[in-house]
>>> print(open('input.txt').read())   # compact mmCIF, C-alpha atoms and all ligand atoms
# COMPACT_ATOMS: atom_id res chain seq x y z
CA MET A 14 91.08 114.85 63.33
CA LYS A 15 87.34 115.32 63.59
CA GLN A 16 87.51 113.94 67.14
CA VAL A 17 90.16 116.49 68.06
CA LEU A 18 88.42 119.42 66.42
CA ALA A 19 84.98 118.75 67.88
CA PRO A 20 85.83 119.82 71.45
CA VAL A 21 87.88 122.78 70.16
CA PHE A 22 84.92 123.94 68.09
CA SER A 23 82.61 123.36 71.05
CA PHE A 24 84.88 125.42 73.24
CA PHE A 25 84.69 128.43 70.90
CA VAL A 26 80.93 128.06 70.60
CA ALA A 27 80.77 128.07 74.39
CA MET A 28 83.00 131.16 74.61
CA ILE A 29 80.76 133.08 72.14
CA PHE A 30 77.77 131.89 74.10
CA LEU A 31 79.34 133.24 77.29
CA GLN A 32 79.97 136.62 75.66
CA CYS A 33 76.33 136.92 74.61
CA THR A 34 74.68 135.66 77.75
CA SER A 35 74.72 136.54 81.38
CA LEU A 36 75.15 133.19 83.15
CA ALA A 37 73.68 134.59 86.33
CA GLN A 38 70.33 134.92 84.60
CA ILE A 39 70.17 131.30 83.49
CA ALA A 40 68.37 128.82 85.68
CA PRO A 41 70.40 125.61 86.34
CA ALA A 42 68.11 123.36 84.25
CA GLU A 43 68.15 125.75 81.32
CA HIS A 44 71.88 126.26 81.75
CA SER A 45 72.64 122.58 81.33
CA LYS A 46 70.50 122.39 78.19
CA LYS A 47 72.32 125.27 76.50
CA TRP A 48 75.85 123.95 77.02
CA PRO A 49 76.94 121.58 74.26
CA PRO A 50 77.76 118.22 75.85
CA GLU A 51 80.81 117.81 73.60
CA MET A 52 82.43 120.77 75.36
CA THR A 53 83.31 118.61 78.34
CA GLU A 54 84.33 115.47 76.45
CA VAL A 55 88.04 114.60 76.68
CA TRP A 56 89.43 112.31 73.96
CA GLU A 57 93.16 112.42 74.54
CA PRO A 58 95.13 110.70 75.90
CA ILE A 59 93.60 107.27 75.48
CA PRO A 60 93.97 104.92 78.49
CA ARG A 61 96.01 101.89 77.50
CA VAL A 62 94.33 98.53 77.26
CA VAL A 63 94.86 96.01 80.07
CA THR A 64 93.39 92.54 79.70
CA PRO A 65 91.77 91.37 82.95
CA GLY A 66 92.62 87.93 84.31
CA GLU A 67 89.97 85.27 84.73
CA GLY A 68 88.63 85.49 88.26
CA THR A 69 91.55 86.49 90.47
CA ALA A 70 94.25 85.70 87.87
CA ALA A 71 96.81 88.40 87.12
CA PRO A 72 95.84 91.05 84.57
CA SER A 73 98.07 91.48 81.53
CA ASP A 74 100.19 94.29 83.00
CA ALA A 75 100.78 92.76 86.45
CA ILE A 76 104.11 91.53 87.79
CA VAL A 77 103.53 87.99 89.01
CA LEU A 78 105.34 87.56 92.32
CA PHE A 79 104.29 83.97 92.94
CA ASP A 80 102.55 81.72 90.41
CA GLY A 81 102.78 78.54 92.46
CA THR A 82 105.92 77.13 90.85
CA ASN A 83 108.86 78.81 92.58
CA ALA A 84 109.88 81.59 94.96
CA GLY A 85 112.36 83.09 92.49
CA GLU A 86 110.99 86.61 92.93
CA TRP A 87 111.77 86.44 96.67
CA THR A 88 114.72 86.29 99.02
CA HIS A 89 115.46 86.42 102.72
CA LYS A 90 116.90 89.60 104.21
CA ASP A 91 120.48 88.40 103.76
CA GLY A 92 119.83 87.73 100.07
CA SER A 93 119.72 83.95 100.44
CA PRO A 94 117.16 81.81 98.56
CA VAL A 95 113.78 81.40 100.23
CA LYS A 96 113.62 78.54 102.73
CA TRP A 97 109.84 78.55 102.95
CA LYS A 98 108.16 75.45 101.55
CA VAL A 99 106.92 75.64 97.94
CA GLU A 100 104.67 72.69 97.19
CA ASN A 101 101.46 72.02 95.24
CA GLY A 102 101.25 75.61 94.02
CA VAL A 103 101.50 77.03 97.52
CA MET A 104 104.24 78.78 99.48
CA THR A 105 104.18 78.16 103.24
CA VAL A 106 106.07 79.83 106.06
CA VAL A 107 108.68 77.62 107.68
CA GLY A 108 108.93 79.03 111.18
CA GLY A 109 112.32 80.37 112.12
CA THR A 110 113.61 80.82 108.57
CA GLY A 111 112.70 84.50 108.60
CA ASP A 112 110.64 86.99 106.62
CA ILE A 113 110.88 87.07 102.83
CA TYR A 114 111.26 90.09 100.55
CA THR A 115 110.70 90.69 96.87
CA LYS A 116 113.87 91.24 94.88
CA ARG A 117 112.07 94.10 93.14
CA THR A 118 111.14 97.32 94.87
CA PHE A 119 107.79 99.06 94.69
CA GLY A 120 106.08 102.37 95.39
CA ASP A 121 102.41 103.04 94.62
CA CYS A 122 100.77 99.76 93.73
CA GLN A 123 97.79 97.46 93.57
CA LEU A 124 98.49 94.10 95.19
CA HIS A 125 96.55 90.85 95.05
CA ILE A 126 97.57 88.13 97.49
CA GLU A 127 95.86 84.97 98.75
CA TRP A 128 96.58 83.48 102.16
CA ARG A 129 95.47 80.59 104.31
CA THR A 130 95.92 80.00 108.00
CA PRO A 131 96.41 76.38 109.17
CA ALA A 132 93.34 74.16 109.21
CA GLU A 133 94.61 72.66 112.42
CA VAL A 134 94.00 75.43 114.92
CA LYS A 135 96.86 75.98 117.34
CA GLY A 136 97.43 78.84 119.73
CA GLU A 137 95.28 81.85 120.42
CA GLY A 138 95.26 85.61 120.01
CA GLN A 139 98.31 86.80 118.10
CA GLY A 140 99.73 83.26 118.17
CA ARG A 141 97.14 81.75 115.80
CA GLY A 142 97.94 81.86 112.09
CA ASN A 143 99.98 85.05 112.33
CA SER A 144 101.84 86.43 109.34
CA GLY A 145 101.71 89.79 107.60
CA VAL A 146 101.97 91.68 104.37
CA PHE A 147 104.37 94.62 104.68
CA LEU A 148 104.10 97.31 102.03
CA GLN A 149 107.52 98.78 101.32
CA SER A 150 108.95 96.54 104.10
CA ARG A 151 107.47 98.93 106.68
CA TYR A 152 103.69 99.01 106.78
CA GLU A 153 101.96 95.83 107.88
CA VAL A 154 98.54 94.65 106.85
CA GLN A 155 98.01 91.96 109.46
CA VAL A 156 97.43 88.35 108.48
CA LEU A 157 95.90 86.38 111.34
CA ASP A 158 93.33 83.68 112.00
CA ASN A 159 90.57 85.78 113.55
CA TYR A 160 87.77 83.34 112.96
CA ASN A 161 86.47 83.06 116.52
CA ASN A 162 89.78 84.25 117.85
CA ARG A 163 89.85 87.42 119.91
CA THR A 164 92.85 89.69 120.06
CA TYR A 165 93.33 93.47 120.22
CA SER A 166 91.16 94.97 117.49
CA ASN A 167 93.93 97.02 115.90
CA GLY A 168 96.00 93.85 115.58
CA GLN A 169 93.46 91.51 114.03
CA ALA A 170 93.30 90.35 110.41
CA GLY A 171 92.74 93.28 108.05
CA SER A 172 94.14 95.79 110.51
CA ILE A 173 96.94 98.18 109.71
CA TYR A 174 98.92 96.85 112.61
CA LYS A 175 98.36 98.97 115.73
CA GLN A 176 97.05 101.90 113.68
CA TYR A 177 93.67 101.00 112.21
CA MET A 178 91.32 98.18 113.17
CA PRO A 179 89.42 96.67 110.22
CA LEU A 180 85.95 98.11 109.57
CA VAL A 181 84.55 94.57 109.90
CA ASN A 182 85.83 91.06 110.54
CA ALA A 183 85.75 89.42 107.09
CA CYS A 184 87.66 86.24 108.04
CA ARG A 185 86.91 82.86 106.56
CA PRO A 186 87.44 79.78 108.74
CA PRO A 187 90.97 78.43 109.24
CA GLY A 188 92.16 76.24 106.38
CA GLU A 189 90.22 78.24 103.76
CA TRP A 190 91.83 80.53 101.22
CA GLN A 191 91.32 84.26 101.72
CA THR A 192 92.14 87.25 99.53
CA TYR A 193 93.58 90.66 100.11
CA ASP A 194 93.33 93.28 97.41
CA ILE A 195 95.36 96.25 98.50
CA ILE A 196 95.65 99.69 96.95
CA TYR A 197 98.65 101.51 98.28
CA THR A 198 99.98 105.03 97.89
CA ALA A 199 103.52 105.49 99.17
CA PRO A 200 104.38 108.39 101.47
CA ARG A 201 106.20 111.38 99.98
CA PHE A 202 109.19 113.04 101.60
CA ASN A 203 110.80 116.37 100.75
CA GLU A 204 114.51 116.98 100.16
CA ASP A 205 115.08 117.39 103.89
CA GLY A 206 113.56 113.98 104.56
CA ILE A 207 110.39 115.43 106.06
CA ARG A 208 107.25 113.49 105.27
CA ILE A 209 104.95 115.77 103.30
CA THR A 210 102.15 113.29 102.58
CA PRO A 211 101.43 110.04 104.43
CA ALA A 212 101.04 106.59 102.93
CA TYR A 213 97.44 105.63 102.17
CA ILE A 214 96.06 102.11 102.20
CA THR A 215 92.81 100.58 101.05
CA VAL A 216 92.32 96.91 101.89
CA ILE A 217 89.62 94.62 100.52
CA HIS A 218 89.45 91.34 102.42
CA ASN A 219 87.51 88.55 100.69
CA GLY A 220 85.74 91.18 98.59
CA ILE A 221 84.87 93.35 101.61
CA VAL A 222 86.36 96.78 102.26
CA VAL A 223 88.09 96.70 105.65
CA GLN A 224 90.35 99.75 105.21
CA ASN A 225 89.13 102.70 103.16
CA HIS A 226 92.04 104.91 102.07
CA VAL A 227 93.40 105.39 105.59
CA PRO A 228 96.40 107.70 106.11
CA LEU A 229 99.21 105.89 107.93
CA HIS A 230 100.90 107.48 110.92
CA GLY A 231 104.21 105.91 109.92
CA THR A 232 105.77 102.45 110.26
CA THR A 233 103.74 99.77 112.04
CA GLU A 234 105.66 99.03 115.21
CA TYR A 235 105.16 96.20 117.71
CA ARG A 236 106.51 98.48 120.44
CA GLY A 237 106.40 102.23 120.48
CA LEU A 238 105.33 104.89 118.05
CA PRO A 239 105.24 104.91 114.25
CA GLN A 240 108.43 106.15 112.60
CA ASN A 241 108.73 108.38 109.55
CA VAL A 242 112.24 108.07 108.21
CA ALA A 243 112.43 109.02 104.52
CA HIS A 244 112.61 106.17 102.06
CA GLY A 245 112.11 105.41 98.40
CA PRO A 246 110.76 102.33 96.60
CA ALA A 247 111.19 99.20 98.73
CA PRO A 248 110.45 95.46 98.64
CA LEU A 249 107.18 93.85 99.53
CA GLN A 250 107.71 91.69 102.63
CA LEU A 251 105.90 88.66 104.03
CA GLN A 252 106.25 87.85 107.70
CA ASP A 253 107.49 84.68 109.37
CA HIS A 254 105.72 84.84 112.73
CA GLY A 255 106.38 81.17 113.42
CA ASN A 256 103.02 79.89 112.15
CA PRO A 257 102.72 77.82 108.91
CA VAL A 258 100.61 80.34 106.99
CA SER A 259 100.40 79.70 103.24
CA TYR A 260 100.34 82.04 100.24
CA ARG A 261 99.44 81.71 96.59
CA ASN A 262 98.55 83.79 93.51
CA ILE A 263 100.51 86.94 94.34
CA TRP A 264 100.61 89.70 91.76
CA ILE A 265 101.21 93.40 91.80
CA ARG A 266 100.53 96.34 89.47
CA GLU A 267 102.65 99.44 89.73
CA LEU A 268 100.51 102.56 89.72
MG MG A 301 101.72 89.77 111.69
>>> encode(input="input.txt", output="structure tokens")
Amino acid sequence: MKQVLAPVFSFFVAMIFLQCTSLAQIAPAEHSKKWPPEMTEVWEPIPRVVTPGEGTAAPSDAIVLFDGTNAGEWTHKDGSPVKWKVENGVMTVVGGTGDIYTKRTFGDCQLHIEWRTPAEVKGEGQGRGNSGVFLQSRYEVQVLDNYNNRTYSNGQAGSIYKQYMPLVNACRPPGEWQTYDIIYTAPRFNEDGIRITPAYITVIHNGIVVQNHVPLHGTTEYRGLPQNVAHGPAPLQLQDHGNPVSYRNIWIREL
């Protein structure tokens, strides 16, 4: 009760103070001294407690999408069980089986995902260790082996495919595990299906910011321009681009 009353009391004190004083005559330093600090303290509501994971482990309120044991949270587009290889705590693309999608749908979220391109380097450019993380099945954060591998800048690892090149190249060598921590805000559409705010993405690659709250132009297309057809919550999607890219420790927090 005391905690609730303190700011209320402070507010009235401040109001009386305002009545008696002309703020325009108070110098900034003096001004700050005369305002009770409690006046700007907010005590309610209280943010709920979330227990952090050790290292990159899932926090207590995360939905674990892959813990290394099975791909039960995922499916192919036709709803069939995942044909990618799950072995030794790792899920690996089997080329030609197709992309995989979460059974759950998501909007605004924080995503942690770890990926590894093949240690045995094959191909070049877009053909080397290519996969991708699609937010809401539409917006691709590129996964690619760009360790000494040149391709178009807005298509390299950490890019928002064909929209934003990464701020830096934060790639580890092929065969090493890498992390993406992604903060995503879904686009908003009005009742007529017109996009009123874009999607925003922040991407941290191996602890390094490579996308800083960039507004997306629409879907990330291989050919042509971004599209903005209205949609609601949608699955997270991982790309089969024919290369045996591996994933592990995937968790998501709805925001
Ligand atoms: Mg890709």
>>> closest_residue(input="input.txt", among="A:Asn225, A:Thr210, A:Thr192, A:Gln250", to="ligand MG 301 (chain A)", atoms="only C-alpha atoms and all ligand atoms")
A:Gln250
>>> closest_residue(input="input.txt", among="A:Asn203, A:Thr164, A:Gln252, A:Ser259", to="A:Gly111", atoms="all atoms listed in the file")
A:Gln252
>>> atom_distance(input="input.txt", atom1="atom CA of A:Phe119", atom2="atom CA of A:Ile209")
19.0 Å
>>> residues_near_point(input="input.txt", point="(93.4, 100.2, 108.2)", cutoff="7 Å", atoms="only C-alpha atoms", output="PyMOL selection string")
chain A and resi 171-173+176-179+214+223-224+227
>>> residues_near_ligand(input="input.txt", ligand="ligand MG 301 (chain A)", cutoff="7 Å", atoms="all atoms listed in the file", output="short mmCIF file (atom, residue, chain, number, x, y, z; two decimals) with C-alpha atoms, in the frame of the given file")
data_model
loop_
_atom_site.label_atom_id
_atom_site.label_comp_id
_atom_site.auth_asym_id
_atom_site.auth_seq_id
_atom_site.Cartn_x
_atom_site.Cartn_y
_atom_site.Cartn_z
CA ASN A 143 99.98 85.05 112.33
CA SER A 144 101.84 86.43 109.34
CA GLY A 145 101.71 89.79 107.60
CA GLN A 155 98.01 91.96 109.46
CA VAL A 156 97.43 88.35 108.48
CA LEU A 157 95.90 86.38 111.34
CA GLN A 252 106.25 87.85 107.70
CA HIS A 254 105.72 84.84 112.73
#
>>> axis_aligned_box(input="input.txt", around="stretch 99-116 of chain A", padding_each_side="6 Å", output="lines of an AutoDock Vina configuration file")
center_x = 107.6
center_y = 81.6
center_z = 103.1
size_x = 24.6
size_y = 31.2
size_z = 30.1
>>> residues_near_point(input="input.txt", point="(109.6, 79.8, 110.9)", cutoff="10 Å", atoms="all atoms listed in the file", output="JSON, numbers by chain")
{"A": [96, 97, 105, 106, 107, 108, 109, 110, 111, 112, 252, 253, 254, 255, 256, 257, 258]}
>>> atom_distance(input="input.txt", atom1="atom CA of A:Tyr165", atom2="atom CA of A:Glu137")
11.8 Å
>>> atom_distance(input="input.txt", atom1="atom CA of A:Tyr114", atom2="atom CA of A:Asn83")
14.0 Å
>>> closest_residue(input="input.txt", among="A:Arg266, A:Lys90, A:Arg151, A:Arg61", to="A:Gly231", atoms="only C-alpha atoms")
A:Arg151
>>> closest_residue(input="input.txt", among="A:Asp158, A:Arg117, A:Gln240, A:Asp194", to="A:Thr88", atoms="all atoms listed in the file")
A:Arg117
>>> closest_residue(input="input.txt", among="A:Val95, A:Ala132, A:Leu78, A:Ile221", to="A:Leu249", atoms="only C-alpha atoms")
A:Leu78
>>> residues_around(input="input.txt", residues="A:Pro94", least_positions_apart="6", cutoff="10 Å", atoms="all atoms listed in the file", output="ChimeraX atom specification")
/A:84-88,113
>>> closest_residue(input="input.txt", among="A:Pro228, A:Gly220, A:Pro248, A:Pro200", to="A:Thr69", atoms="all atoms listed in the file")
A:Gly220
>>> residues_around(input="input.txt", residues="stretch 124-127 of chain A", least_positions_apart="3", cutoff="7 Å", atoms="all atoms listed in the file", output="ChimeraX atom specification")
/A:190-196,260-266
>>> residues_around(input="input.txt", residues="A:Thr198", least_positions_apart="2", cutoff="6 Å", atoms="all atoms listed in the file", output="ChimeraX atom specification")
/A:121,212-213
